[in-house]
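Trainee: For reference, the structure I am asking about is given below.
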Amino acid sequence: MTRFIYSLTIGISLLLIPQLAYADEILVELTPDVAYVDTVVDVTGPTEYFIETFTGPRIEIQANGTPRVRDGWVDSWIELRQGEVILRADDDSNHVTGVNEYASKITGTIDTGTYTIRATSYLNRVGYGNPTGVYTLSSNLIQPPPPPVVVEPIPPVVVVPVVDTTVPTVPDIVVIEPPIIIPVPPEPPLVEEILPEPEPPMEVAEPPAPAEEPPAEPEIPPIEEELPPIEVDTPPIEEEAPPAEAEEPPVEVVQADEVDLETLAPETPVQLDNGVVLEAGTVVALQLLENPAELLAEIFTDPAQVLTAISNIGADMSDEERTTSQNTIIASVIAGQAAINAVGAATMARTPTSAPTGGGAPSANDNIKLYKRRKP
Amino acid sequence: MFIAWVVLTGSAKTVVGYAIILTLVVWAVTYPLRNGGNE
């Protein structure tokens, strides 16, 4: 009984393992000309996914015993994008020292849609150039290519319009042949010439047919030969796509509300809800301002973070918001000052004064009154 | 400052809001000191 349970458990495990581990791998080869590799995936329904890279060990020991960075090794960076929006990004979550160093990994759940997995390097992501290196990208979102399924449906689709033009000629020939065959046997001269062969009518009928068929038969091979060029034309189109994408601006942003900002590199551009793009470190620092207690505590633990927050107050406003606010505040300040001055002037005007309004020098008594009036 | 608080957004709005509250508190606390001299 125990053996049966063990066997049943192992059998169920073997059935489950292929489903859980199902994924396809892509070899990402980065060069100065190939900054990243995009893989478009279609997702139907909520799907738990994983995207990970395998970079291998970073350091290798040379023949003379000196360690150095292994040739072809590159620090991977992966992004899950939808259009131009970066949903998730990761640098080193799959890092295993000495085995899979600085490798990346993203997991989560996504809904139905078309997504793009971009595999690039950390150096490229932070703007330090395009290093040369190779690593493996693996994900359960990547479906294996179905080459036989794709190739088979193409011939019927291509042949159908071609056959429409050729078939009418072939049936005409075939239909014409039987009537020719039937009258030929009665003809004695023709039968005598083709006596050695068992089917004289067929061969007799063919002589006229070849005269008509040569143009028909050669047409078929060219038609079939036209198919390969059509199939060959497809790959170049797919190969032309990466260069077109390579011309896109290298600066990409991460949605702030969909990413844990503290897990990103401080230099990573992050797009806020109002469209403003800031560095992840700046956004994290600005979040300190929302909690005064945390801000005060951070003064003693990380004053640089507080300085960053204070020096970037208002950086999360868009240019339009900043301009509108600036104009409104300046107008209100000017209006406020004008109102204060007007009130002050009105107050001074209502205060009775005995200053001489006529000409002539003031008398000694007037000076005394003014002096006294000024005294509080 | 209240107008600024209304028109600003984000961290600037937060900071100005705290500044308004802090100013009101300081104004209220020092009110007896300022008016006590006139009596």
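Residue numbering restarts at 1 for every chain of the structure tokens, chains are lettered A, B, ... in their displayed order, and ligands are numbered from 1 as they appear.
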Can you tell me, as a PyMOL selection string, which residues in chain B count as helix (DSSP H, G or I) by DSSP?
Mentor: chain B and resi 2-7+10-29+31-36
Trainee: Based on the selection just made, write N, CA and C atoms of those residues as a compact mmCIF listing (two decimals), in the first residue's frame.
Mentor:
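result-v2.txt, freshly written:
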# COMPACT_ATOMS: atom_id res chain seq x y z
N PHE B 2 -2.80 80.34 1.74
CA PHE B 2 -3.93 79.46 1.47
C PHE B 2 -4.18 79.35 -0.04
N ILE B 3 -4.01 80.47 -0.73
CA ILE B 3 -4.15 80.43 -2.19
C ILE B 3 -3.09 79.52 -2.79
N ALA B 4 -1.89 79.62 -2.25
CA ALA B 4 -0.82 78.76 -2.76
C ALA B 4 -1.15 77.30 -2.50
N TRP B 5 -1.69 77.03 -1.31
CA TRP B 5 -2.05 75.65 -0.99
C TRP B 5 -3.13 75.13 -1.95
N VAL B 6 -4.03 76.03 -2.36
CA VAL B 6 -5.11 75.61 -3.26
C VAL B 6 -4.56 75.28 -4.64
N VAL B 7 -3.66 76.10 -5.13
CA VAL B 7 -3.25 75.93 -6.52
C VAL B 7 -2.09 74.95 -6.67
N GLY B 10 0.88 68.05 -5.18
CA GLY B 10 1.99 67.16 -4.82
C GLY B 10 2.69 67.57 -3.54
N SER B 11 4.00 67.41 -3.56
CA SER B 11 4.79 67.66 -2.35
C SER B 11 4.74 69.14 -1.96
N ALA B 12 4.66 70.04 -2.93
CA ALA B 12 4.59 71.46 -2.62
C ALA B 12 3.31 71.77 -1.85
N LYS B 13 2.21 71.16 -2.25
CA LYS B 13 0.94 71.38 -1.53
C LYS B 13 1.06 70.87 -0.10
N THR B 14 1.68 69.72 0.07
CA THR B 14 1.85 69.17 1.41
C THR B 14 2.68 70.09 2.29
N VAL B 15 3.78 70.55 1.74
CA VAL B 15 4.68 71.41 2.52
C VAL B 15 4.00 72.73 2.88
N VAL B 16 3.30 73.31 1.92
CA VAL B 16 2.61 74.58 2.19
C VAL B 16 1.51 74.36 3.22
N GLY B 17 0.83 73.23 3.15
CA GLY B 17 -0.20 72.93 4.15
C GLY B 17 0.39 72.86 5.55
N TYR B 18 1.51 72.15 5.67
CA TYR B 18 2.15 72.10 6.99
C TYR B 18 2.63 73.47 7.43
N ALA B 19 3.09 74.27 6.48
CA ALA B 19 3.55 75.62 6.82
C ALA B 19 2.38 76.47 7.32
N ILE B 20 1.23 76.33 6.71
CA ILE B 20 0.04 77.08 7.15
C ILE B 20 -0.32 76.68 8.58
N ILE B 21 -0.36 75.39 8.81
CA ILE B 21 -0.72 74.92 10.16
C ILE B 21 0.30 75.41 11.19
N LEU B 22 1.57 75.28 10.84
CA LEU B 22 2.62 75.72 11.77
C LEU B 22 2.51 77.23 12.04
N THR B 23 2.27 77.98 10.99
CA THR B 23 2.13 79.43 11.16
C THR B 23 0.94 79.78 12.05
N LEU B 24 -0.18 79.10 11.82
CA LEU B 24 -1.36 79.37 12.66
C LEU B 24 -1.09 79.04 14.12
N VAL B 25 -0.40 77.94 14.35
CA VAL B 25 -0.10 77.56 15.73
C VAL B 25 0.80 78.62 16.38
N VAL B 26 1.84 79.03 15.65
CA VAL B 26 2.75 80.04 16.20
C VAL B 26 2.00 81.35 16.44
N TRP B 27 1.14 81.70 15.51
CA TRP B 27 0.37 82.95 15.65
C TRP B 27 -0.54 82.87 16.88
N ALA B 28 -1.19 81.72 17.04
CA ALA B 28 -2.11 81.57 18.17
C ALA B 28 -1.35 81.56 19.50
N VAL B 29 -0.22 80.92 19.53
CA VAL B 29 0.54 80.82 20.79
C VAL B 29 1.09 82.18 21.18
N TYR B 31 -0.14 85.07 20.43
CA TYR B 31 -1.16 86.14 20.45
C TYR B 31 -1.19 86.89 21.79
N PRO B 32 -1.20 86.18 22.92
CA PRO B 32 -1.21 86.92 24.20
C PRO B 32 0.04 87.78 24.36
N LEU B 33 1.14 87.31 23.87
CA LEU B 33 2.36 88.11 24.04
C LEU B 33 2.27 89.41 23.25
N ARG B 34 1.68 89.31 22.06
CA ARG B 34 1.61 90.51 21.23
C ARG B 34 0.55 91.48 21.71
N ASN B 35 -0.54 91.01 22.19
CA ASN B 35 -1.61 91.89 22.64
C ASN B 35 -1.49 92.27 24.10
N GLY B 36 -0.70 91.58 24.86
CA GLY B 36 -0.56 91.89 26.28
C GLY B 36 0.07 93.24 26.51
Trainee: For Gly83 in chain A, find every residue with an atom within 10 Å (counting only C-alpha atoms), except residues of its own chain fewer than 2 positions away, and show them as a tab-separated table (two decimals) with C-alpha atoms, in the first residue's frame.
Mentor:
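New file around.tsv:
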chain	number	residue	atom	x	y	z
A	80	LEU	CA	7.72	43.75	-18.70
A	81	ARG	CA	6.12	46.39	-20.86
A	85	VAL	CA	4.63	51.64	-20.36
A	86	ILE	CA	6.99	49.63	-18.18
A	87	LEU	CA	4.89	47.54	-15.84
A	114	THR	CA	-0.27	41.93	-25.48
A	115	TYR	CA	2.94	42.48	-23.57
A	116	THR	CA	6.57	42.94	-24.46
Trainee: If we count only C-alpha atoms, what is near range 29-35 of chain A at a cut-off of 8 Å, once residues fewer than 5 positions away on the same chain are taken out, given as a ChimeraX atom specification?
Mentor: /A:120-121,124,129-135,246
Trainee: Suppose you want the space between CA of Thr282 in chain A and CA of Ser311 in chain A; what is it in Å?
Mentor: 9.6 Å
Trainee: Using only C-alpha atoms and a cut-off of 10 Å, which residues of chain A sit close to chain B? Please list them as an NGL selection string.
Mentor: :A and (274 or 283 or 286-292 or 309-310 or 312-318 or 321-322 or 324-330 or 332-333)
Trainee: Between CA of Asp75 in chain A and CA of Thr39 in chain A, what is the spacing in Å?
Mentor: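 Answer for the CA of Thr39 in chain A to CA of Asp75 in chain A separation: 18.7 Å.
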Trainee: Which neighbours of Asp111 in chain A fall inside 8 Å, counting only C-alpha atoms, when residues of the same chain fewer than 4 positions from it are skipped, and could you give them as a PyMOL selection string?
Mentor: chain A and resi 43-47
